[in-house]
file input_36.pdb (PDB, C-alpha atoms)
ATOM      1  CA  MET A   1      81.451  15.397  63.265
ATOM      2  CA  ALA A   2      84.994  15.449  64.492
ATOM      3  CA  THR A   3      87.040  18.674  64.523
ATOM      4  CA  VAL A   4      90.656  18.824  63.468
ATOM      5  CA  GLN A   5      93.073  20.113  66.101
ATOM      6  CA  HIS A   6      96.776  20.585  65.497
ATOM      7  CA  GLY A   7      96.993  18.155  62.615
ATOM      8  CA  ARG A   8      95.351  15.154  64.260
ATOM      9  CA  ARG A   9      91.829  14.017  64.842
ATOM     10  CA  LYS A  10      90.311  14.095  68.252
ATOM     11  CA  GLY A  11      90.884  10.920  70.094
ATOM     12  CA  THR A  12      93.930   9.712  68.167
ATOM     13  CA  PRO A  13      97.097   9.318  70.186
ATOM     14  CA  LYS A  14     100.105  11.605  69.543
ATOM     15  CA  ALA A  15     102.271   8.735  68.473
ATOM     16  CA  GLN A  16     100.178   8.175  65.403
ATOM     17  CA  ALA A  17     100.503  11.800  64.143
ATOM     18  CA  LYS A  18     102.910  11.754  61.268
ATOM     19  CA  ALA A  19     105.433  14.459  60.525
ATOM     20  CA  PRO A  20     105.665  15.569  56.929
ATOM     21  CA  GLU A  21     108.220  13.556  55.107
ATOM     22  CA  SER A  22     110.775  15.289  52.993
ATOM     23  CA  LYS A  23     113.683  14.054  51.001
ATOM     24  CA  SER A  24     116.234  15.751  53.222
ATOM     25  CA  LYS A  25     115.372  15.622  56.887
ATOM     26  CA  ASP A  26     118.520  17.628  57.760
ATOM     27  CA  LYS A  27     117.000  20.826  56.434
ATOM     28  CA  LEU A  28     113.751  20.434  58.315
ATOM     29  CA  LEU A  29     113.313  22.898  61.150
ATOM     30  CA  ILE A  30     110.554  22.525  63.688
ATOM     31  CA  LEU A  31     109.548  25.665  65.583
ATOM     32  CA  SER A  32     107.450  26.016  68.669
ATOM     33  CA  SER A  33     104.482  28.367  68.584
ATOM     34  CA  LYS A  34     106.338  30.902  70.764
ATOM     35  CA  GLU A  35     109.308  30.980  68.410
ATOM     36  CA  TRP A  36     107.025  31.300  65.396
ATOM     37  CA  GLN A  37     105.173  34.168  67.054
ATOM     38  CA  SER A  38     108.415  35.994  67.913
ATOM     39  CA  ILE A  39     109.542  35.701  64.259
ATOM     40  CA  GLN A  40     106.202  37.097  63.107
ATOM     41  CA  ASP A  41     106.465  39.992  65.583
ATOM     42  CA  ARG A  42     109.961  40.900  64.385
ATOM     43  CA  LYS A  43     108.782  40.782  60.793
ATOM     44  CA  ASP A  44     105.817  43.075  61.586
ATOM     45  CA  LYS A  45     108.075  45.534  63.406
ATOM     46  CA  ALA A  46     110.549  45.648  60.530
ATOM     47  CA  LEU A  47     107.847  46.173  57.912
ATOM     48  CA  PRO A  48     106.761  49.660  59.017
ATOM     49  CA  ALA A  49     110.380  50.838  58.928
ATOM     50  CA  ASN A  50     110.616  49.648  55.328
ATOM     51  CA  ILE A  51     107.326  51.314  54.509
ATOM     52  CA  GLN A  52     108.483  54.541  56.147
ATOM     53  CA  LEU A  53     111.720  54.414  54.165
ATOM     54  CA  ALA A  54     109.754  53.916  50.941
ATOM     55  CA  LEU A  55     107.443  56.811  51.815
ATOM     56  CA  ASP A  56     110.415  59.042  52.568
ATOM     57  CA  MET A  57     112.014  58.126  49.253
ATOM     58  CA  GLN A  58     108.758  58.817  47.399
ATOM     59  CA  LYS A  59     108.343  62.179  49.148
ATOM     60  CA  ASP A  60     111.942  63.125  48.322
ATOM     61  CA  ARG A  61     111.390  62.133  44.684
ATOM     62  CA  GLN A  62     108.232  64.256  44.502
ATOM     63  CA  GLU A  63     110.021  67.251  46.034
ATOM     64  CA  LYS A  64     112.834  66.949  43.490
ATOM     65  CA  HIS A  65     110.319  66.645  40.670
ATOM     66  CA  GLN A  66     108.444  69.726  41.887
ATOM     67  CA  LYS A  67     111.691  71.695  42.155
ATOM     68  CA  SER A  68     112.617  70.633  38.622
ATOM     69  CA  VAL A  69     109.210  71.655  37.283
ATOM     70  CA  GLU A  70     109.544  75.059  38.976
ATOM     71  CA  GLN A  71     112.959  75.621  37.405
ATOM     72  CA  VAL A  72     111.827  74.572  33.941
ATOM     73  CA  SER A  73     108.710  76.743  34.131
ATOM     74  CA  SER A  74     110.847  79.901  34.074
ATOM     75  CA  TRP A  75     112.700  78.838  30.928
ATOM     76  CA  GLY A  76     111.450  80.639  27.860
ATOM     77  CA  ASN A  77     113.368  78.705  25.224
ATOM     78  CA  THR A  78     111.507  75.427  25.653
ATOM     79  CA  ILE A  79     108.369  74.303  23.851
ATOM     80  CA  VAL A  80     106.390  74.479  27.074
ATOM     81  CA  GLY A  81     107.859  77.898  27.877
ATOM     82  CA  LYS A  82     106.943  79.285  24.467
ATOM     83  CA  ARG A  83     103.457  77.829  24.761
ATOM     84  CA  ASN A  84     103.032  79.399  28.200
ATOM     85  CA  LYS A  85     104.184  82.775  26.829
ATOM     86  CA  ARG A  86     101.648  82.555  24.008
ATOM     87  CA  LEU A  87      98.885  81.584  26.415
ATOM     88  CA  ASN A  88      99.766  84.410  28.811
ATOM     89  CA  ALA A  89      99.875  86.943  25.949
ATOM     90  CA  ARG A  90      96.510  85.674  24.719
ATOM     91  CA  ARG A  91      95.004  85.852  28.198
ATOM     92  CA  ILE A  92      96.275  89.416  28.673
ATOM     93  CA  ARG A  93      94.982  90.459  25.232
ATOM     94  CA  GLU A  94      91.553  88.950  25.977
ATOM     95  CA  GLU A  95      91.424  90.731  29.344
ATOM     96  CA  GLU A  96      92.223  94.073  27.676
ATOM     97  CA  GLU A  97      89.578  93.456  25.000
ATOM     98  CA  GLU A  98      87.065  92.605  27.706
ATOM     99  CA  LYS A  99      87.902  95.859  29.537
ATOM    100  CA  GLU A 100      87.374  97.812  26.302
ATOM    101  CA  ARG A 101      84.045  96.062  25.729
ATOM    102  CA  GLN A 102      82.986  96.894  29.270
ATOM    103  CA  LYS A 103      83.926 100.569  28.751
ATOM    104  CA  LEU A 104      81.884 100.641  25.536
ATOM    105  CA  ASP A 105      78.967  98.983  27.305
ATOM    106  CA  ILE A 106      79.099 101.612  30.065
ATOM    107  CA  GLU A 107      79.251 104.465  27.517
ATOM    108  CA  GLU A 108      76.345 102.994  25.545
ATOM    109  CA  ALA A 109      74.340 102.583  28.743
ATOM    110  CA  GLU A 110      74.980 106.239  29.631
ATOM    111  CA  ILE A 111      73.939 107.370  26.139
ATOM    112  CA  LYS A 112      70.774 105.233  26.286
ATOM    113  CA  ALA A 113      69.963 106.609  29.750
ATOM    114  CA  ALA A 114      70.392 110.193  28.496
ATOM    115  CA  GLU A 115      68.162 109.494  25.491
ATOM    116  CA  ARG A 116      65.565 107.908  27.752
ATOM    117  CA  ARG A 117      65.650 110.912  30.114
ATOM    118  CA  ALA A 118      65.260 113.288  27.144
ATOM    119  CA  ALA A 119      62.319 111.271  25.780
ATOM    120  CA  ILE A 120      60.652 111.238  29.210
ATOM    121  CA  GLU A 121      61.202 114.985  29.587
ATOM    122  CA  HIS A 122      59.704 115.625  26.122
ATOM    123  CA  ALA A 123      56.706 113.410  26.929
ATOM    124  CA  LYS A 124      56.136 115.262  30.202
ATOM    125  CA  LYS A 125      56.307 118.589  28.370
ATOM    126  CA  LEU A 126      53.750 117.372  25.827
ATOM    127  CA  GLN A 127      51.491 116.171  28.632
ATOM    128  CA  TYR A 128      51.832 119.558  30.322
ATOM    129  CA  TYR A 129      50.867 121.354  27.117
ATOM    130  CA  GLN A 130      47.756 119.169  26.857
ATOM    131  CA  THR A 131      46.320 120.408  30.196
ATOM    132  CA  ASP A 132      43.291 122.772  30.015
ATOM    133  CA  ARG A 133      45.039 125.564  31.876
ATOM    134  CA  VAL A 134      47.990 125.658  29.444
ATOM    135  CA  LYS A 135      45.667 125.303  26.425
ATOM    136  CA  GLY A 136      43.677 128.302  27.678
ATOM    137  CA  PHE A 137      46.857 130.276  28.225
ATOM    138  CA  HIS A 138      48.172 129.468  24.729
ATOM    139  CA  GLY A 139      44.813 130.354  23.220
ATOM    140  CA  ALA A 140      44.812 133.713  25.011
ATOM    141  CA  LEU A 141      48.436 134.307  23.987
ATOM    142  CA  LEU A 142      47.649 133.531  20.370
ATOM    143  CA  LEU A 143      44.624 135.831  20.490
ATOM    144  CA  SER A 144      46.690 138.675  21.940
ATOM    145  CA  GLU A 145      49.336 138.176  19.224
ATOM    146  CA  VAL A 146      46.645 138.221  16.524
ATOM    147  CA  ILE A 147      45.133 141.401  17.966
ATOM    148  CA  LYS A 148      48.555 143.093  18.084
ATOM    149  CA  GLU A 149      49.226 142.048  14.502
ATOM    150  CA  ARG A 150      45.842 143.363  13.406
ATOM    151  CA  GLU A 151      46.479 146.676  15.172
ATOM    152  CA  ALA A 152      49.867 146.907  13.453
ATOM    153  CA  GLN A 153      48.217 146.272  10.092
ATOM    154  CA  ILE A 154      45.628 148.984  10.772
ATOM    155  CA  GLU A 155      48.376 151.447  11.711
ATOM    156  CA  LEU A 156      50.260 150.554   8.538
ATOM    157  CA  LYS A 157      47.120 151.073   6.463
ATOM    158  CA  LYS A 158      46.505 154.471   8.096
ATOM    159  CA  LYS A 159      50.020 155.515   7.232
ATOM    160  CA  LYS A 160      49.603 154.365   3.626
ATOM    161  CA  VAL A 161      46.309 156.179   3.079
ATOM    162  CA  PRO A 162      47.639 159.692   3.666
ATOM    163  CA  THR A 163      50.604 159.028   1.374
ATOM    164  CA  ALA A 164      48.302 157.689  -1.365
ATOM    165  CA  THR A 165      46.153 160.844  -1.285
ATOM    166  CA  LEU A 166      49.166 163.064  -1.683
ATOM    167  CA  ARG A 167      49.983 161.707  -5.057
TER     168      ARG A 167
END
call {"tool": "encode", "arguments": {"input": "input_36.pdb", "output": "structure tokens"}}
result
Amino acid sequence: MATVQHGRRKGTPKAQAKAPESKSKDKLLILSSKEWQSIQDRKDKALPANIQLALDMQKDRQEKHQKSVEQVSSWGNTIVGKRNKRLNARRIREEEEEKERQKLDIEEAEIKAAERRAAIEHAKKLQYYQTDRVKGFHGALLLSEVIKEREAQIELKKKKVPTATLR
């Protein structure tokens, strides 16, 4: 299979290679490969400058837009400004409500902890009263109180008897 090189088949003489025909041969320009390469190089060198210019213009446009947005954000008489004020007021109100809820939660936790401590203390006291030593002590105390009461009743009866005989 023959390969195509520079517009002619291998083995054909240069004289037989035909130039493209055009209607106006005056406007036809034939360039050597060196000239074509130098044109391409100049084009490639010029392109980055254009790209850089476009990037600079885009960056400048973005900076101006950002500056404009910053200025407008401080205006309160626009729709966006009023909306932002409402949102900020709502956010602040919700934060204050959340703080109040947290305070209530802390107070409730303290109350629950105090109740729990009191219940534990009461349970410990009941457990202490259920020990044999304390039961024996309470029994002896009750017995001594009963004996004192009985002695007081006897004394009262002795005092009543002499008064009853006098009548």
call {"tool": "atom_distance", "arguments": {"input": "input_36.pdb", "atom1": "CA of Asn84 (chain A)", "atom2": "CA of Gln66 (chain A)"}}
result
17.6 Å
call {"tool": "atom_distance", "arguments": {"input": "input_36.pdb", "atom1": "CA of Lys64 (chain A)", "atom2": "CA of Arg86 (chain A)"}}
result
27.4 Å
call {"tool": "atom_distance", "arguments": {"input": "input_36.pdb", "atom1": "CA of Ser38 (chain A)", "atom2": "CA of Asp56 (chain A)"}}
result
27.8 Å
